[in-house]
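Structure data (TSV, C-alpha atoms) from my_file-v3.tsv:
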chain	number	residue	atom	x	y	z
X	373	MET	CA	73.59	95.42	83.21
X	374	SER	CA	76.36	97.22	85.10
X	375	ASN	CA	79.89	97.52	83.79
X	376	GLU	CA	81.16	95.46	86.72
X	377	THR	CA	78.65	92.69	85.98
X	378	VAL	CA	79.76	92.63	82.35
X	379	ARG	CA	83.41	92.41	83.40
X	380	LYS	CA	82.74	89.51	85.72
X	381	GLY	CA	80.95	87.69	82.92
X	382	PHE	CA	84.11	87.38	80.82
X	383	THR	CA	85.49	83.85	80.45
X	384	ALA	CA	88.20	82.05	78.52
X	385	GLU	CA	85.72	81.76	75.65
X	386	HIS	CA	85.65	85.56	75.23
X	387	HIS	CA	89.43	85.55	74.96
X	388	ALA	CA	89.55	82.59	72.57
X	389	LEU	CA	86.89	83.83	70.20
X	390	LEU	CA	88.17	87.40	69.99
X	391	PHE	CA	91.63	86.13	69.12
X	392	ALA	CA	90.32	83.83	66.41
X	393	TRP	CA	88.03	86.49	64.93
X	394	MET	CA	90.97	88.89	64.78
X	395	ALA	CA	93.14	86.32	63.01
X	396	ARG	CA	90.31	85.50	60.60
X	397	GLU	CA	89.67	89.15	59.74
X	398	MET	CA	93.34	89.88	59.16
X	399	ILE	CA	93.82	86.82	56.98
X	400	GLY	CA	90.70	87.70	55.02
X	401	ARG	CA	92.05	91.16	54.25
X	402	ALA	CA	95.76	90.49	53.74
X	403	GLY	CA	95.89	86.82	52.76
X	404	GLU	CA	97.34	84.08	54.92
X	405	ARG	CA	100.87	84.34	53.50
X	406	ASP	CA	101.24	87.96	54.61
X	407	ALA	CA	98.99	87.92	57.67
X	408	ALA	CA	100.28	84.74	59.35
X	409	PRO	CA	103.76	86.07	60.25
X	410	VAL	CA	102.21	89.21	61.74
X	411	ILE	CA	99.69	87.21	63.76
X	412	ARG	CA	102.43	84.95	65.08
X	413	ALA	CA	104.67	87.90	65.97
X	414	ALA	CA	101.74	89.52	67.81
X	415	VAL	CA	101.11	86.31	69.78
X	416	GLN	CA	104.79	86.18	70.70
X	417	GLU	CA	104.70	89.78	71.90
X	418	TYR	CA	101.54	89.08	73.89
X	419	GLY	CA	103.07	85.98	75.47
X	420	MET	CA	106.31	87.74	76.33
X	421	GLN	CA	104.38	90.51	78.07
X	422	ARG	CA	102.47	88.02	80.18
X	423	GLY	CA	105.64	86.11	80.98
X	424	ARG	CA	107.40	89.27	82.11
X	425	ARG	CA	104.51	90.13	84.43
X	426	MET	CA	104.77	86.65	85.92
X	427	ALA	CA	108.49	87.19	86.47
X	428	LEU	CA	107.83	90.53	88.17
X	429	ARG	CA	105.42	88.87	90.60
X	430	ALA	CA	107.87	86.09	91.34
X	431	LYS	CA	110.64	88.60	92.01
X	432	LYS	CA	108.35	90.63	94.26
X	433	ASN	CA	107.71	87.49	96.33
X	434	GLY	CA	111.36	86.48	96.43
X	435	HIS	CA	110.87	83.40	94.26
X	436	LYS	CA	113.33	82.20	91.65
X	437	ARG	CA	112.30	82.14	87.99
X	438	SER	CA	112.33	78.34	87.91
X	439	MET	CA	110.08	76.19	85.76
X	440	LEU	CA	108.01	75.12	88.75
X	441	ASN	CA	107.50	78.74	89.73
X	442	TYR	CA	106.56	79.51	86.13
X	443	LEU	CA	103.68	77.08	86.62
X	444	VAL	CA	102.81	78.71	89.94
X	445	TYR	CA	102.59	82.22	88.48
X	446	VAL	CA	100.28	81.44	85.55
X	447	GLU	CA	97.84	84.37	85.40
X	448	TRP	CA	94.65	82.59	84.39
X	449	GLN	CA	92.29	79.95	85.67
X	450	ALA	CA	89.73	78.10	83.57
X	451	GLY	CA	86.21	77.46	84.74
X	452	ARG	CA	85.34	74.15	86.36
X	453	GLY	CA	85.46	71.32	83.85
X	454	GLU	CA	86.79	73.49	81.01
X	455	MET	CA	90.31	72.05	81.14
X	456	VAL	CA	91.59	68.52	81.66
X	457	THR	CA	95.30	68.37	82.44
X	458	ASN	CA	97.04	65.05	83.01
X	459	VAL	CA	100.58	64.79	84.35
X	460	VAL	CA	101.90	61.69	82.59
X	461	GLU	CA	105.56	61.95	83.66
X	462	LYS	CA	107.08	63.57	86.74
X	463	ARG	CA	110.79	62.90	86.23
X	464	PRO	CA	113.26	63.86	84.89
X	465	ALA	CA	110.91	66.52	83.53
X	466	MET	CA	107.20	67.09	83.95
X	467	ARG	CA	105.20	66.00	80.92
X	468	VAL	CA	101.60	67.16	80.64
X	469	LYS	CA	98.90	66.09	78.21
X	470	ILE	CA	95.71	68.09	77.77
X	471	PRO	CA	92.78	66.30	76.12
X	472	ARG	CA	90.31	69.10	76.84
X	473	CYS	CA	91.13	72.79	76.43
X	474	CYS	CA	88.73	75.72	76.74
X	475	TRP	CA	90.34	77.57	73.83
X	476	HIS	CA	90.06	74.61	71.47
X	477	THR	CA	86.49	73.93	72.63
X	478	ALA	CA	85.45	77.50	71.77
X	479	TRP	CA	87.19	77.48	68.39
X	480	LYS	CA	85.72	74.11	67.42
X	481	LYS	CA	82.22	75.22	68.40
X	482	PHE	CA	82.41	78.21	66.06
X	483	ASP	CA	84.48	76.61	63.25
X	484	LEU	CA	87.50	78.78	64.08
X	485	VAL	CA	90.17	76.14	64.73
X	486	PRO	CA	92.33	77.11	61.70
X	487	TYR	CA	92.53	80.68	63.05
X	488	GLY	CA	92.85	79.79	66.73
X	489	ARG	CA	95.74	77.51	65.80
X	490	TYR	CA	97.98	80.57	65.47
X	491	TYR	CA	97.61	81.19	69.19
X	492	CYS	CA	98.73	77.70	70.18
X	493	LEU	CA	101.77	77.69	67.90
X	494	ASP	CA	103.57	80.39	69.88
X	495	VAL	CA	101.89	81.54	73.07
X	496	ASP	CA	103.28	79.02	75.58
X	497	LEU	CA	106.81	79.21	74.22
X	498	ALA	CA	106.66	83.01	74.40
X	499	LEU	CA	105.31	82.93	77.95
X	500	VAL	CA	108.26	80.84	79.10
X	501	ARG	CA	110.75	83.13	77.31
X	502	GLY	CA	109.19	86.16	78.94
X	503	PHE	CA	109.38	84.56	82.37
X	504	ASN	CA	112.94	83.31	81.98
X	505	PRO	CA	114.68	82.88	78.61
X	506	ASP	CA	116.94	80.19	80.12
X	507	LEU	CA	114.02	77.80	80.66
X	508	LYS	CA	112.98	75.20	78.09
X	509	LEU	CA	109.45	74.21	77.21
X	510	GLU	CA	109.04	71.48	74.61
X	511	LEU	CA	105.82	71.60	72.63
X	512	ARG	CA	105.26	68.10	71.27
X	513	ASP	CA	101.74	68.44	69.84
X	514	ILE	CA	98.66	70.66	69.80
X	515	LYS	CA	95.00	69.86	69.33
X	516	PRO	CA	94.43	72.44	66.55
X	517	ASP	CA	96.85	70.42	64.41
X	518	GLY	CA	94.62	67.37	64.78
X	519	ALA	CA	96.22	65.78	67.85
X	520	LEU	CA	93.96	64.13	70.41
X	521	GLU	CA	95.86	65.93	73.18
X	522	CYS	CA	98.20	68.86	73.57
X	523	ASP	CA	101.56	67.53	74.76
X	524	PHE	CA	104.03	69.65	76.76
X	525	ILE	CA	107.34	68.81	78.44
X	526	PHE	CA	108.45	71.28	81.12
X	527	HIS	CA	112.19	70.76	81.35
X	528	GLY	CA	113.62	71.63	84.74
X	529	ALA	CA	110.37	70.82	86.53
X	530	ALA	CA	111.04	67.44	88.14
X	531	LEU	CA	108.20	66.64	90.52
X	532	GLY	CA	109.77	64.83	93.46
X	533	PRO	CA	107.99	64.83	96.86
X	534	ARG	CA	109.73	68.00	98.06
X	535	GLU	CA	109.10	69.87	94.81
X	536	MET	CA	105.46	68.78	94.79
X	537	LEU	CA	104.87	70.09	98.32
X	538	ALA	CA	106.47	73.44	97.49
X	539	PHE	CA	104.48	73.68	94.27
X	540	LEU	CA	101.15	72.87	95.92
X	541	TYR	CA	101.76	75.36	98.73
X	542	ARG	CA	102.62	78.18	96.35
X	543	LYS	CA	99.83	77.32	93.92
X	544	ASN	CA	97.11	77.11	96.55
X	545	VAL	CA	98.25	79.21	99.51
X	546	LYS	CA	100.96	81.77	98.87
X	547	PRO	CA	100.93	83.44	96.40
X	548	GLY	CA	97.91	81.30	95.46
X	549	LYS	CA	95.16	83.03	93.51
X	550	SER	CA	96.66	86.47	94.02
X	551	VAL	CA	98.58	85.94	90.75
X	552	LEU	CA	95.41	85.56	88.68
X	553	MET	CA	94.11	88.27	86.40
X	554	PRO	CA	90.44	88.47	85.31
X	555	TRP	CA	89.38	87.43	81.85
X	556	ASP	CA	88.36	90.94	80.79
X	557	TYR	CA	91.99	91.99	81.36
X	558	HIS	CA	93.33	89.09	79.28
X	559	THR	CA	90.81	89.75	76.52
X	560	GLY	CA	91.67	93.45	76.43
X	561	HIS	CA	95.34	92.52	76.34
X	562	VAL	CA	95.04	90.23	73.33
X	563	TYR	CA	92.94	92.80	71.48
X	564	LYS	CA	95.34	95.67	72.11
X	565	THR	CA	98.52	93.77	71.33
X	566	MET	CA	97.20	92.19	68.16
X	567	GLY	CA	95.42	95.34	67.03
X	568	ASP	CA	98.56	97.42	67.48
X	569	ALA	CA	100.57	94.85	65.51
X	570	PHE	CA	98.01	94.82	62.70
X	571	SER	CA	98.03	98.61	62.49
X	572	ARG	CA	101.83	98.83	62.46
X	573	GLU	CA	102.13	96.33	59.63
X	574	PHE	CA	99.02	96.94	57.53
X	575	GLY	CA	97.90	100.46	58.43
X	576	GLY	CA	94.20	101.10	57.86
X	577	LYS	CA	93.64	97.55	56.65
X	578	GLY	CA	94.95	96.25	59.96
X	579	ARG	CA	92.81	98.62	61.99
X	580	ASP	CA	89.76	97.58	59.96
X	581	ALA	CA	90.48	93.93	60.74
X	582	ALA	CA	90.65	94.60	64.47
X	583	ASP	CA	87.47	96.71	64.35
X	584	ALA	CA	85.59	94.04	62.39
X	585	ALA	CA	86.60	91.39	64.92
X	586	LEU	CA	85.39	93.54	67.80
X	587	GLU	CA	82.11	94.13	65.98
X	588	GLU	CA	81.67	90.35	65.76
X	589	PHE	CA	82.52	90.15	69.45
X	590	SER	CA	79.91	92.82	70.19
X	591	ARG	CA	77.22	90.97	68.24
X	592	HIS	CA	77.97	87.83	70.22
X	593	TYR	CA	78.53	89.24	73.72
X	594	GLY	CA	76.94	92.68	73.59
X	595	SER	CA	78.12	96.27	73.19
X	596	GLY	CA	78.96	96.50	76.89
X	597	ALA	CA	81.51	93.70	76.59
X	598	ALA	CA	83.04	95.34	73.52
X	599	ALA	CA	83.30	98.63	75.44
X	600	VAL	CA	85.16	96.84	78.24
X	601	VAL	CA	87.68	95.52	75.71
X	602	ARG	CA	88.15	99.00	74.19
X	603	GLY	CA	88.72	100.35	77.69
X	604	PHE	CA	92.15	98.67	77.82
X	605	ALA	CA	93.46	100.70	74.86
X	606	ASP	CA	95.84	102.75	77.01
X	607	THR	CA	96.92	99.94	79.35
X	608	ASP	CA	100.62	99.10	79.63
X	609	PHE	CA	100.64	95.32	79.70
X	610	ASN	CA	104.38	95.15	80.41
X	611	VAL	CA	103.90	96.18	84.03
X	612	LEU	CA	101.92	94.83	86.94
X	613	PRO	CA	98.45	96.42	87.04
X	614	GLY	CA	97.83	98.65	90.01
X	615	GLY	CA	101.07	97.64	91.69
X	616	ALA	CA	99.85	94.04	91.97
Can you give me the file's structure in the form of structure tokens?
Amino acid sequence: MSNETVRKGFTAEHHALLFAWMAREMIGRAGERDAAPVIRAAVQEYGMQRGRRMALRAKKNGHKRSMLNYLVYVEWQAGRGEMVTNVVEKRPAMRVKIPRCCWHTAWKKFDLVPYGRYYCLDVDLALVRGFNPDLKLELRDIKPDGALECDFIFHGAALGPREMLAFLYRKNVKPGKSVLMPWDYHTGHVYKTMGDAFSREFGGKGRDAADAALEEFSRHYGSGAAAVVRGFADTDFNVLPGGA
């Protein structure tokens, strides 16, 4: 199987499972009391980096860093049927409930929800801060805590007719899918950012945790997929890749 074929085979599940395996390995070595703050700080760093890239794309296209544009510049797209997102309120702020999430589905399938939970606690809030620290996202509930649905309120994103038309045009036409990054990139990003954080805080123990998680990843997805993840070791995730 070619390297390009392996890359194209990455999905949200790859990203979800590698994160949870990394959290599990670090907790197993350092204990939850000491590992949890480091995992959460790593997720915040990861989210801030993604948010800043989104802001750079918006600036490049002459778009304000508004909440609606935050939703336009999201860098990922789930596979068909993997996510169910319901807009339950449009004004004065957009409220979204998510009964089906590809991350939660993957974690539940492999009994990893307690570890995956650390991603959901911080990632969306960090993404918004990275995009524009003046914006406010309210996280009401998350599925890993036992809720039937994740519940988000995007303050500043009132969906009137004019706003809806602008949002749909930008989401589907320009910039459209040009803002998306492939799942191998996202998976390499989460591995590098978390692995670096583990090493800074726990030294060899942290590096061992990251290596053990990638070994589990390799057993599940193959050595070629693990090599793709390692290939992002020198990537600067604070900047747009390839001048995108």
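Of the listed residues (X:Trp393, X:Phe574, X:Tyr541, X:Phe382), X:Trp393 comes nearest to Tyr490 (chain X); the distances count only C-alpha atoms.
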- In terms of the shortest atom-to-atom distance over only C-alpha atoms, which of X:Ser595, X:Ser590, X:Thr565, X:Asn458 is closest to Thr607 (chain X)?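 Of X:Ser595, X:Ser590, X:Thr565, X:Asn458, the one nearest Thr607 (chain X), counting only C-alpha atoms, is X:Thr565.
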- Contacts of Trp475 (chain X) at 12 Å (only C-alpha atoms; same-chain gap of 3+ positions) as an MDAnalysis selection string: chainID X and resid 383:392 450:451 454:455 470:472 478:482 484:485 487:492 514:516 522
- Query: CA of Leu497 (chain X) and CA of Gly528 (chain X), how far apart in Å?
  - Reply: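 If I compute the distance from CA of Gly528 (chain X) to CA of Leu497 (chain X), I get 14.6 Å.
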- Which value, in Å to one decimal, gives the distance between CA of Arg379 (chain X) and CA of Val601 (chain X)?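 CA of Val601 (chain X) lies 9.3 Å from CA of Arg379 (chain X).
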- Message: So, with all atoms listed in the file as the atoms that count, which of X:Lys546, X:Lys564, X:His527, X:Arg572 lies closest to Val415 (chain X)?
- Response: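 Answer, going by the shortest atom-to-atom distance: X:Lys564.
Between CA of Val611 (chain X) and CA of Arg425 (chain X) there is a distance of 6.1 Å.
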- Query: Using all atoms listed in the file, which of X:Gly403, X:Gly567, X:Gly596, X:Gly548 sits nearest Ala584 (chain X)?
  - Reply: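 Of all the options, X:Gly567 lies closest to Ala584 (chain X).
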Near region 419-422 of chain X, 10 Å: region 483-536 of chain X residue rows, closest pairs, all atoms listed in the file, as a tab-separated table:
residue	atom	partner	partner_atom	distance
X:Tyr491	CA	X:Gly419	CA	9.6
X:Asp494	CA	X:Gly419	CA	7.9
X:Val495	CA	X:Gly419	CA	5.2
X:Asp496	CA	X:Gly419	CA	7.0
X:Leu497	CA	X:Gly419	CA	7.8
X:Ala498	CA	X:Gly419	CA	4.8
X:Leu499	CA	X:Gly419	CA	4.5
X:Val500	CA	X:Met420	CA	7.7
X:Arg501	CA	X:Met420	CA	6.5
X:Gly502	CA	X:Met420	CA	4.2
X:Phe503	CA	X:Met420	CA	7.5
X:Asn504	CA	X:Met420	CA	9.8
X:Pro505	CA	X:Met420	CA	9.9
- Do a neighbour search on region 461-463 of chain X at 9 Å with all atoms listed in the file, toss out local chain neighbours closer than 3 positions, and write the hits as JSON, numbers by chain. {"X": [466, 467, 468, 525, 529, 530, 531, 532]}
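Residue nearest Asp556 (chain X), chosen from X:Ala599, X:Glu588, X:Asp568, X:Gly614 and counting only C-alpha atoms: X:Ala599.
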